[in-house]
file protein-v4.pdb (PDB, C-alpha atoms)
ATOM      1  CA  MET A  86     102.657  62.028 103.728  1.00  0.00           C
ATOM      2  CA  ASP A  87     105.599  63.953 102.307  1.00  0.00           C
ATOM      3  CA  PHE A  88     105.083  67.736 102.248  1.00  0.00           C
ATOM      4  CA  GLY A  89     108.462  68.436 100.685  1.00  0.00           C
ATOM      5  CA  TYR A  90     106.723  68.992  97.365  1.00  0.00           C
ATOM      6  CA  PHE A  91     104.835  72.001  98.768  1.00  0.00           C
ATOM      7  CA  LEU A  92     107.776  73.738 100.465  1.00  0.00           C
ATOM      8  CA  PRO A  93     108.857  75.799  97.409  1.00  0.00           C
ATOM      9  CA  LEU A  94     105.294  77.135  97.212  1.00  0.00           C
ATOM     10  CA  LYS A  95     105.353  78.196 100.844  1.00  0.00           C
ATOM     11  CA  GLY A  96     107.566  81.221 100.068  1.00  0.00           C
ATOM     12  CA  ILE A  97     105.273  82.358  97.271  1.00  0.00           C
ATOM     13  CA  TYR A  98     102.213  82.102  99.492  1.00  0.00           C
ATOM     14  CA  MET A  99     103.939  84.014 102.278  1.00  0.00           C
ATOM     15  CA  ARG A 100     104.978  86.813  99.917  1.00  0.00           C
ATOM     16  CA  ASN A 101     101.513  87.027  98.408  1.00  0.00           C
ATOM     17  CA  SER A 102      99.896  87.007 101.843  1.00  0.00           C
ATOM     18  CA  PHE A 103     102.209  89.744 103.072  1.00  0.00           C
ATOM     19  CA  ALA A 104     101.554  91.843  99.948  1.00  0.00           C
ATOM     20  CA  ALA A 105      97.793  91.444 100.428  1.00  0.00           C
ATOM     21  CA  PHE A 106      98.157  92.489 104.062  1.00  0.00           C
ATOM     22  CA  LEU A 107     100.035  95.656 103.100  1.00  0.00           C
ATOM     23  CA  ILE A 108      97.432  96.559 100.521  1.00  0.00           C
ATOM     24  CA  CYS A 109      94.673  96.228 103.100  1.00  0.00           C
ATOM     25  CA  ILE A 110      96.271  98.613 105.605  1.00  0.00           C
ATOM     26  CA  PRO A 111      94.689 102.042 105.201  1.00  0.00           C
ATOM     27  CA  VAL A 112      97.054 104.813 104.213  1.00  0.00           C
ATOM     28  CA  SER A 113      95.830 106.779 107.210  1.00  0.00           C
ATOM     29  CA  ALA A 114      97.596 104.251 109.460  1.00  0.00           C
ATOM     30  CA  PHE A 115     100.880 105.813 108.356  1.00  0.00           C
ATOM     31  CA  ALA A 116      99.677 109.432 108.698  1.00  0.00           C
ATOM     32  CA  ALA A 117     100.552 111.714 111.574  1.00  0.00           C
ATOM     33  CA  THR A 118      98.148 112.098 114.466  1.00  0.00           C
ATOM     34  CA  PRO A 119      95.528 114.707 113.566  1.00  0.00           C
ATOM     35  CA  GLN A 120      95.896 118.073 115.268  1.00  0.00           C
ATOM     36  CA  THR A 121      93.090 120.401 116.355  1.00  0.00           C
ATOM     37  CA  ALA A 122      93.149 124.186 116.243  1.00  0.00           C
ATOM     38  CA  VAL A 123      90.504 126.569 117.505  1.00  0.00           C
ATOM     39  CA  LEU A 124      90.298 129.893 115.693  1.00  0.00           C
ATOM     40  CA  ASP A 125      88.677 133.068 116.991  1.00  0.00           C
ATOM     41  CA  VAL A 126      86.896 134.425 113.921  1.00  0.00           C
ATOM     42  CA  GLN A 127      85.972 138.079 113.380  1.00  0.00           C
ATOM     43  CA  ASN A 128      83.209 139.673 111.252  1.00  0.00           C
ATOM     44  CA  MET A 129      80.654 136.867 111.640  1.00  0.00           C
ATOM     45  CA  THR A 130      77.309 138.640 111.515  1.00  0.00           C
ATOM     46  CA  CYS A 131      74.941 135.896 110.346  1.00  0.00           C
ATOM     47  CA  SER A 132      74.645 132.137 110.009  1.00  0.00           C
ATOM     48  CA  LEU A 133      75.593 132.348 106.319  1.00  0.00           C
ATOM     49  CA  CYS A 134      79.010 133.611 107.452  1.00  0.00           C
ATOM     50  CA  SER A 135      79.513 130.264 109.193  1.00  0.00           C
ATOM     51  CA  THR A 136      78.885 128.442 105.923  1.00  0.00           C
ATOM     52  CA  THR A 137      81.382 130.636 104.062  1.00  0.00           C
ATOM     53  CA  ILE A 138      84.056 130.049 106.710  1.00  0.00           C
ATOM     54  CA  HIS A 139      83.359 126.314 106.768  1.00  0.00           C
ATOM     55  CA  LYS A 140      83.768 126.053 102.991  1.00  0.00           C
ATOM     56  CA  ALA A 141      86.962 128.133 103.036  1.00  0.00           C
ATOM     57  CA  LEU A 142      88.513 125.899 105.699  1.00  0.00           C
ATOM     58  CA  GLU A 143      87.515 122.662 103.967  1.00  0.00           C
ATOM     59  CA  LYS A 144      89.317 123.788 100.804  1.00  0.00           C
ATOM     60  CA  VAL A 145      92.643 123.848 102.673  1.00  0.00           C
ATOM     61  CA  PRO A 146      94.570 120.645 101.829  1.00  0.00           C
ATOM     62  CA  GLY A 147      94.957 118.563 104.979  1.00  0.00           C
ATOM     63  CA  VAL A 148      91.792 119.713 106.728  1.00  0.00           C
ATOM     64  CA  ILE A 149      89.944 116.661 108.012  1.00  0.00           C
ATOM     65  CA  GLU A 150      87.004 118.392 109.669  1.00  0.00           C
ATOM     66  CA  ALA A 151      85.893 121.966 110.276  1.00  0.00           C
ATOM     67  CA  ARG A 152      83.160 123.074 112.682  1.00  0.00           C
ATOM     68  CA  VAL A 153      82.131 126.710 112.915  1.00  0.00           C
ATOM     69  CA  ASP A 154      80.273 128.020 115.966  1.00  0.00           C
ATOM     70  CA  TYR A 155      78.424 131.227 115.125  1.00  0.00           C
ATOM     71  CA  ASP A 156      77.392 131.892 118.741  1.00  0.00           C
ATOM     72  CA  HIS A 157      80.962 131.758 120.065  1.00  0.00           C
ATOM     73  CA  LYS A 158      82.564 133.149 116.867  1.00  0.00           C
ATOM     74  CA  THR A 159      85.000 130.229 116.685  1.00  0.00           C
ATOM     75  CA  ALA A 160      86.043 127.549 114.233  1.00  0.00           C
ATOM     76  CA  THR A 161      87.388 124.217 115.438  1.00  0.00           C
ATOM     77  CA  VAL A 162      89.497 122.525 112.800  1.00  0.00           C
ATOM     78  CA  LYS A 163      90.945 119.009 112.795  1.00  0.00           C
ATOM     79  CA  TYR A 164      93.827 118.776 110.336  1.00  0.00           C
ATOM     80  CA  ASP A 165      96.779 116.690 109.193  1.00  0.00           C
ATOM     81  CA  ALA A 166      99.899 118.465 110.491  1.00  0.00           C
ATOM     82  CA  ASP A 167     101.947 116.978 107.627  1.00  0.00           C
ATOM     83  CA  LYS A 168      99.810 118.840 105.095  1.00  0.00           C
ATOM     84  CA  THR A 169      98.792 122.120 106.739  1.00  0.00           C
ATOM     85  CA  ASN A 170      99.213 124.296 109.825  1.00  0.00           C
ATOM     86  CA  PRO A 171      97.276 126.910 111.825  1.00  0.00           C
ATOM     87  CA  SER A 172      98.784 129.750 109.751  1.00  0.00           C
ATOM     88  CA  ALA A 173      97.238 128.292 106.600  1.00  0.00           C
ATOM     89  CA  LEU A 174      93.883 128.014 108.373  1.00  0.00           C
ATOM     90  CA  VAL A 175      94.051 131.653 109.476  1.00  0.00           C
ATOM     91  CA  LYS A 176      94.985 132.673 105.932  1.00  0.00           C
ATOM     92  CA  ALA A 177      91.989 130.771 104.519  1.00  0.00           C
ATOM     93  CA  THR A 178      89.467 132.506 106.770  1.00  0.00           C
ATOM     94  CA  THR A 179      91.109 135.894 106.249  1.00  0.00           C
ATOM     95  CA  ASN A 180      91.021 135.454 102.455  1.00  0.00           C
ATOM     96  CA  ALA A 181      87.315 134.623 102.753  1.00  0.00           C
ATOM     97  CA  GLY A 182      86.747 137.975 104.515  1.00  0.00           C
ATOM     98  CA  PHE A 183      86.815 136.720 108.079  1.00  0.00           C
ATOM     99  CA  PRO A 184      90.117 137.467 109.823  1.00  0.00           C
ATOM    100  CA  SER A 185      90.932 134.991 112.566  1.00  0.00           C
ATOM    101  CA  THR A 186      93.550 134.202 115.162  1.00  0.00           C
ATOM    102  CA  VAL A 187      94.510 130.949 116.833  1.00  0.00           C
ATOM    103  CA  HIS A 188      92.752 130.771 120.178  1.00  0.00           C
ATOM    104  CA  SER A 189      95.430 130.870 122.876  1.00  0.00           C
ATOM    105  CA  GLY A 190      96.145 127.424 124.299  1.00  0.00           C
ATOM    106  CA  ALA A 191      93.665 125.783 121.941  1.00  0.00           C
ATOM    107  CA  GLN A 192      95.976 123.779 119.699  1.00  0.00           C
ATOM    108  CA  LYS A 193      95.967 120.144 120.775  1.00  0.00           C
ATOM    109  CA  GLN A 194      96.504 116.649 119.456  1.00  0.00           C
TER     110      GLN A 194
END
call {"tool": "encode", "arguments": {"input": "protein-v4.pdb", "output": "structure tokens"}}
result
Amino acid sequence: MDFGYFLPLKGIYMRNSFAAFLICIPVSAFAATPQTAVLDVQNMTCSLCSTTIHKALEKVPGVIEARVDYDHKTATVKYDADKTNPSALVKATTNAGFPSTVHSGAQKQ
């Protein structure tokens, strides 16, 4: 059987297959490794404060996840370092009425 007839189509199929492969790769595969920052948060007096801080942090572009611990007065934030940084996280909590500082030695990948 002569497959010479199908050879011109081989390039088209390869290009289409490669294009489909690229479309299927999640955009996150090209993103930077998420960073984690722990903030020491002041003025937390009730559990509702935790909710306010959580919402303020989640509004920051690049924040992937925010967890607020009322008992320890901390917020642990996973974020995309290409889109935000610890200073922006501190600013967000401060603007919400809860000044914070980056916990020493707490920033990690």
call {"tool": "closest_residue", "arguments": {"input": "protein-v4.pdb", "among": "A:Gln127, A:Ala166, A:Arg152, A:Ser172", "to": "Lys140 of chain A", "atoms": "all atoms listed in the file"}}
result
A:Arg152
call {"tool": "resolve_selection", "arguments": {"input": "protein-v4.pdb", "expression": "the PyMOL selection byres ((chain A and resi 174) around 9)", "output": "compact mmCIF listing (two decimals) with C-alpha atoms, keeping the file's coordinate frame"}}
result
# COMPACT_ATOMS: atom_id res chain seq x y z
CA ALA A 122 93.15 124.19 116.24
CA LEU A 124 90.30 129.89 115.69
CA ALA A 141 86.96 128.13 103.04
CA LEU A 142 88.51 125.90 105.70
CA VAL A 145 92.64 123.85 102.67
CA VAL A 148 91.79 119.71 106.73
CA VAL A 162 89.50 122.52 112.80
CA THR A 169 98.79 122.12 106.74
CA ASN A 170 99.21 124.30 109.82
CA PRO A 171 97.28 126.91 111.82
CA SER A 172 98.78 129.75 109.75
CA ALA A 173 97.24 128.29 106.60
CA VAL A 175 94.05 131.65 109.48
CA LYS A 176 94.98 132.67 105.93
CA ALA A 177 91.99 130.77 104.52
CA THR A 178 89.47 132.51 106.77
CA THR A 179 91.11 135.89 106.25
CA SER A 185 90.93 134.99 112.57
CA VAL A 187 94.51 130.95 116.83
call {"tool": "axis_aligned_box", "arguments": {"input": "protein-v4.pdb", "around": "segment 178-192 of chain A", "padding_each_side": "8 Å", "output": "lines of an AutoDock Vina configuration file"}}
result
center_x = 91.4
center_y = 130.9
center_z = 113.4
size_x = 25.4
size_y = 30.2
size_z = 37.8
call {"tool": "atom_distance", "arguments": {"input": "protein-v4.pdb", "atom1": "atom CA of Thr136 of chain A", "atom2": "atom CA of Pro184 of chain A"}}
result
14.9 Å
call {"tool": "resolve_selection", "arguments": {"input": "protein-v4.pdb", "expression": "the PyMOL selection byres ((chain A and resi 157-160) around 7)", "output": "VMD selection string"}}
result
chain A and resid 123 to 127 129 151 to 156 161 to 162
call {"tool": "resolve_selection", "arguments": {"input": "protein-v4.pdb", "expression": "the PyMOL selection byres ((chain A and resi 167) around 10)", "output": "PDB file with C-alpha atoms, in the coordinates of the input"}}
result
ATOM      1  CA  ALA A 116      99.677 109.432 108.698  1.00  0.00           C
ATOM      2  CA  ALA A 117     100.552 111.714 111.574  1.00  0.00           C
ATOM      3  CA  THR A 118      98.148 112.098 114.466  1.00  0.00           C
ATOM      4  CA  PRO A 119      95.528 114.707 113.566  1.00  0.00           C
ATOM      5  CA  GLN A 120      95.896 118.073 115.268  1.00  0.00           C
ATOM      6  CA  GLY A 147      94.957 118.563 104.979  1.00  0.00           C
ATOM      7  CA  TYR A 164      93.827 118.776 110.336  1.00  0.00           C
ATOM      8  CA  ASP A 165      96.779 116.690 109.193  1.00  0.00           C
ATOM      9  CA  ALA A 166      99.899 118.465 110.491  1.00  0.00           C
ATOM     10  CA  LYS A 168      99.810 118.840 105.095  1.00  0.00           C
ATOM     11  CA  THR A 169      98.792 122.120 106.739  1.00  0.00           C
ATOM     12  CA  ASN A 170      99.213 124.296 109.825  1.00  0.00           C
TER      13      ASN A 170
END
call {"tool": "atom_distance", "arguments": {"input": "protein-v4.pdb", "atom1": "atom CA of Glu143 of chain A", "atom2": "atom CA of Ala181 of chain A"}}
result
12.0 Å
call {"tool": "atom_distance", "arguments": {"input": "protein-v4.pdb", "atom1": "atom CA of Pro146 of chain A", "atom2": "atom CA of Thr121 of chain A"}}
result
14.6 Å
call {"tool": "closest_residue", "arguments": {"input": "protein-v4.pdb", "among": "A:Leu133, A:Lys163, A:Ile138, A:Lys144", "to": "Phe183 of chain A", "atoms": "all atoms listed in the file"}}
result
A:Ile138
